[in-house]
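> Starting off with a structure, shown below.
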Protein chains: 2
Amino acid sequence: MAMASTSKLLFIFLFSIFIIDSISSYEQHPLDPLSPEELNLTQTIVKDSFPYSNNTTLTFHYVGLDEPDKSLLLSWLSKPTNKPPPRRALVITRFNKQTHEFIIDLANRSIISNHVYAGYGYPTLGLDEQTEAIQLPLAYDPFIESTRIRGLNLSAIVCSTFTVGWFGKIGKKRVVKVQCFHMNDTVNLYLLPIEGIQMIVDLDEMKIIEYSDGFQVPVPNSEGTDYRLSKQKPPFGPRINRAAIMQPDGPGFQIDGHTIRWLNWVFHLSFDAQVGPIISLASIYDSEKHKYRSVLYRGHISELFVPYQDPTEDYYFKTYFDCGEFGCGLSAASLVPLADCPNNAVFMDGYHAGQNGKPVKVSNVFCIFERHAGDIMWRHTEFGIPDELITEVRPELSLVVRMVATVGNYDYILDWVFKPSGSINIQVGLSGILEVKATTYTHSDQIKEDVYGTLLTDNTIGLYHDHFFTYRLDLDIDGVDNSFVKHNLVTKIVTDNTTARKSYWTVVSETANTESEAKIRLGRKPAELVIVNPNKKTKPGNRHGYRLIPGPTARSLLLEDDYPQIRGAFTQYNVWVTPYNKSEKWAGGRYVDQSHGQDTLAVWSLRNREIDNKDIVLWYVIGIHHVPCQEDFPLMPTLSSGFELRPTNFFERSPVLKVIPPKPVTWPNCSASP
Amino acid sequence: MAMASTSKLLFIFLFSIFIIDSISSYEQHPLDPLSPEELNLTQTIVKDSFPYSNNTTLTFHYVGLDEPDKSLLLSWLSKPTNKPPPRRALVITRFNKQTHEFIIDLANRSIISNHVYAGYGYPTLGLDEQTEAIQLPLAYDPFIESTRIRGLNLSAIVCSTFTVGWFGKIGKKRVVKVQCFHMNDTVNLYLLPIEGIQMIVDLDEMKIIEYSDGFQVPVPNSEGTDYRLSKQKPPFGPRINRAAIMQPDGPGFQIDGHTIRWLNWVFHLSFDAQVGPIISLASIYDSEKHKYRSVLYRGHISELFVPYQDPTEDYYFKTYFDCGEFGCGLSAASLVPLADCPNNAVFMDGYHAGQNGKPVKVSNVFCIFERHAGDIMWRHTEFGIPDELITEVRPELSLVVRMVATVGNYDYILDWVFKPSGSINIQVGLSGILEVKATTYTHSDQIKEDVYGTLLTDNTIGLYHDHFFTYRLDLDIDGVDNSFVKHNLVTKIVTDNTTARKSYWTVVSETANTESEAKIRLGRKPAELVIVNPNKKTKPGNRHGYRLIPGPTARSLLLEDDYPQIRGAFTQYNVWVTPYNKSEKWAGGRYVDQSHGQDTLAVWSLRNREIDNKDIVLWYVIGIHHVPCQEDFPLMPTLSSGFELRPTNFFERSPVLKVIPPKPVTWPNCSASP
């Protein structure tokens, strides 16, 4: 970066400098997301293929890079002077109540394939159609009457769309439920539901096709629900002092287009409307072997299943698939400098196709920053050598790539954290607002039945639910052919008096030959789970590997044959391994809205394919059961979880032994503004 | 702090200023650790009680604050103008091969109790006697002969002490095993064991009482084992840029003696030779109730059980209890500014009694710093309100209290992390050096037997082992009488067609009445585990509580009746709850060296006492199975684990909603030194 050689600097909003830097000219990478120009071109090609179309009936539901064939890409990578794989777009549209699926060749401006999808399920909802749908009730007489009866102020009403799921009946129409809230003095609509009214909107017709007003429960009081700073009253606090990270040599990473280089890491970061951030081609430099070695071909969140646990009429269907139904990337929030990301962050923008197919820019969709959390990379104090005291310590440093997906009420913080030691930590944070149900109860002593949630305040129940963050991790440890090994920790009982011990544990390794052998429910059996390259060994003969260090997690508690669970069957296990298959990237399937669960990871895995010494994909499910508590009201403090991928006999030795500790920073003559 | 009003500052080594600040005059708190003066006084009183003693035979093995009776302390806290509880010391000494236990009254300079401990087990080893013991081999002819036969250089040999454990025979002597290493050109002794030689040293006699030289295995090559920067050769790296945290208003915490105030938290931090850092009287300010509310009466690591899994003659006994045998506080390392802790850290010193009873200072035994990790405290983007886009975000901030215990080869980073939201995160980090065994193997293909570890490099096996960090957490949620509630998450099957769902989960709460109902093996049943105050409810009627959010953990895999497991029986479960009992603070017992496991948490709990609506103590075991890998060689990158204590219906609502985001920091005119 230009800053390195400068010694007199204005330390204000460093990130604005880096943004400019980061969009400097670069050659397009085959894994780059579609550029605005490419999105425009795609739209034109697709639109032209519907000669009788008009703008109102052709809608775009997914436009993204059609990932190049892995073999083509790997071949190009091995010789980048060759022609890169062709740029192609995958497009899903609706036209005349039909779902069309296109593959577009961008260089040739041609349609490679175009077919109508006639199976169950519908594509991701568009943002525009949802905006339209939530306006319908406000002009719908029965609804107006319902609000009048309830004494509500129509101008304070905001509605939202809710996917309807699948409950055994075939959904022949692309519909959503619409439920409304009475904001009254706050912007925290979710805490103020209008109960009893059920509306179904046909999105293709864009009209309310079912309406019922079953019962009345007063809307809870809005007092104290607003979360905006401007609406808070004293006492404020706790009071937080100012702070900033200063990096006189600039950040330690460089961004070239979508390629990020940091210390010993290089990887590609792209944005996708369905899954948000995609990390590709993550490789780490091995200073002993003098080369970059591949770790992760492609990794991203694949689906986010959020089943609510209220089976009653107005709530039973709330079993969301946030990535498949709403788009985890479509739901990305623009990150706020100095709040969502620290002062030393660099931001990147993202583009997705609007419902009309035109590019929509999301500013600051990602941030990238070096985390100086005050952790220790490694250390040792040697007290054991007479007359000598040795202490060697290296402070930790990591690189964070962040996106936030705000799907309705919930804000999901999706972090990828890289460490110089070779670890990749995948972390999720949950914030935002609970989904609540209005009730007449004001005290738990009044409650004699199951209310499927926690009474949070007067008339407000925070509903029980889960979050299942399902990650797809196409690890390529030193090459594509890998195996999944369970190093089971097994107690050995000593019976022969050869030792004073009665027991010890040892490792009994087991390589999963097929998919069924790799399905794992964590917490059952102690084991180290490792993806290895069976063809590459260290000098002492250990297979190169990366191990999965699970965090706290959970599995779905629904019956396996319950409809939402059939659709979310990939949450029956925490770990899955599949052979690489380009089409298997979205764990809930390609058409998740109203899906019947026929195209999920669990179904793919039933083929029980061979996975030993193959190009394999690791799937990991971070599960969180959420029993709401009052602290989650009116806005949840972040709850975090995650897991680690850690090199295990990948290197011959610690790759961070030879890190030189950075010199201390000294800044004479700073004048801090008050 | 004095810095707040200063605008022109020299930002160099802020910590040095704060150290001075932090030892300003203050009134002694009843929970303060013994001061150097008190340690001296204690030594004098105890020494004087042995009129025939000479310095060589009276040794001090534990000197620490005898914690005031909880009732006395609470009564004083409720009226601090009253006289504080008397200052007392608990002292454990050896004299004439007997273990003596004293309670000393410091104000009256009197001995309150003095008795000889005649049970099994011995007190914590002294540092001086270990230093003496490891010199014995170097002057012991059979050992010299053994090294000569092996062609080793006596001046390159360093020995270490190893506790012998208990394996069914009564240990009538206070002995340790001594094993030696041939350093040869490195300081990384642990990687260079001299195999085949077994020595037992009688510590009371200070002589070698058993010696055997069984077999020979060459000492591994020392090349590449040294971890000191000065010994590294290129290529260095990865290269890390300079960075520092700048806080123009100074840190957000104040230290008054041992009391730390930070944002909405106040707590007391003391140092103990056995357990290291003790957090006491942690309370959080409730801005709605306008008062501090108690959370944690006292919390600390209680024992750290580290069983190795090699049952062979020279290794079977390696089943360490690091706090009880070696002293987690006695093993504290002086923290290195800018490496162990970031530039904005403040340091505190600690004192323990040396073997002669005189105070020994450990400089920088703790550091305290605000962590600006770039996390998000809470956020929400509201896309759902037509024609309005709302984003509110608060950056996270936490306060870290750190100590590092270096017990021989291992470095344990013990962090307490406080958050404004009320969470307390307890985190451990493992670094340092593996315990290895020399072997003739150089490639795993040669290995046809169980070698109880991983071949890390030529002739070097990293042995399988576990770490069980056992925390004692005397939570007092809004008062002393608390209950332990399991909110079991139970699948409900719908059979009556009242809903389209076939299943959902709900909460079935269960209060543990007795200790046996509170023993939990995590991963078996989904449940939220909450310590509640059944006598204090929120407005909606929820019991005030803090929940335990476990991290990844493990249980011991040894047979329950195996000797090490009898001594470490507190690792059979991850969670225990006991009624408060002043004497039950060290989970492995008071005399752990050669203990028979008669005084452990598991034994105390067999009484199956009532714990509902009582003053209760939560015990949590962080278990880590460690299968060494080559990256752990020659020095392990930190491996982290931990757990969270999180307010759950403790507050009426989010306690951080009204946090005002700090203003951005701007520093014009800084000149950064190159």
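Here, A, B, ... name the chains of the structure tokens in the order displayed, residue numbers run from 1 inside each chain, and ligands are numbered from 1 in the same displayed order.
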Could you pull out the helix (DSSP H, G or I) residues of region 189-314 of chain B, going by DSSP on the backbone, and write them as a PyMOL selection string?
chain B and resi 189-191+229-231
> Compile the contact shell of region 115-122 of chain A as a PyMOL selection string: residues with an atom at most 6 Å away, counting only C-alpha atoms, same-chain residues fewer than 6 positions apart removed.
chain A and resi 99-101+591-595
> Suppose you want the space between CA of Ala345 (chain A) and CA of Val656 (chain A); what is it in Å?
24.0 Å
> At a cut-off of 8 Å, using only C-alpha atoms, what residues contact Leu58 (chain A)? Leave out same-chain residues fewer than 5 positions from it and give the result as a ChimeraX atom specification.
/A:47,53,93-96,356
> For chain A, which residue among B:Asp478, B:Asp496, B:Asp272, B:Asp340 is the nearest when counting only C-alpha atoms?
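Among B:Asp478, B:Asp496, B:Asp272, B:Asp340, it is B:Asp340 that comes nearest to chain A.
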> Which parts of region 603-658 of chain A does DSSP call strand (DSSP E or B) when run on the backbone here, written out as a list in words?
Glu610, Lys614, Asp615, Ile616, Val617, Leu618, Trp619, Tyr620, Val621, Ile622, Gly623, Ile624, His625, His626, Met636, Pro637, Thr638, Leu639, Ser640, Ser641, Gly642, Phe643, Glu644, Leu645, Arg646 and Pro647 of chain A
> Measuring atom to atom with only C-alpha atoms, identify which of A:Ile240, A:Leu601, A:Leu39, A:Leu281 is nearest to chain B.
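Closest residue, counting only C-alpha atoms: A:Ile240.
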> List the neighbours of Val508 (chain B) out to 10 Å using only C-alpha atoms; skip same-chain residues closer than 2 positions along the sequence, and give me the result as JSON, numbers by chain.
{"A": [450], "B": [486, 487, 488, 489, 490, 491, 505, 506, 510, 527]}
> Smallest atom-to-atom distance to chain A: which of B:Asp375, B:Glu631, B:Asp466, B:Glu517, using only C-alpha atoms?
B:Glu631
> Just how far from CA of Ala332 (chain B) is CA of Asp415 (chain B), in Å to one decimal?
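Result for CA of Asp415 (chain B) versus CA of Ala332 (chain B): 13.1 Å, one decimal.
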> Smallest atom-to-atom distance to Arg590 (chain A): which of A:Leu399, A:Ile144, A:Val91, A:Ile45, using only C-alpha atoms?
A:Val91
> Using Å and a single decimal, report how far CA of Pro342 (chain B) sits from CA of Leu397 (chain B).
14.5 Å
> May I have the residues within 8 Å of Val659 (chain B) as JSON, numbers by chain, using only C-alpha atoms and disregarding those fewer than 4 positions away in the same chain?
{"A": [236, 237, 238, 239, 240], "B": [394]}
> Which residue, A:Glu392, A:Asp322, A:Asp458, A:Asp249, has the smallest gap to Asn409 (chain A) when you use only C-alpha atoms?
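Ranked by minimum distance to Asn409 (chain A), first place goes to A:Asp322.
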> Using only C-alpha atoms, determine which residues lie at most 9 Å from Gly479 (chain A), disregarding the query and same-chain residues fewer than 4 positions distant; provide the list as a PyMOL selection string.
chain A and resi 293-295+475+533+536+615
> Would you pick out the contacts of Glu528 (chain B) at 12 Å or less, using only C-alpha atoms, so that residues sharing its chain but fewer than 4 positions from it are not included, and give the list as a PyMOL selection string?
(chain A and resi 554+624-629) or (chain B and resi 484-490+506-511+520+522-523+532+545-550+645-646+648)
> Identify which of the residues B:Glu515, B:Asp185, B:Asp69, B:Asp349 lies closest to Ala602 (chain B), counting only C-alpha atoms when measuring atom-to-atom distances.
B:Glu515
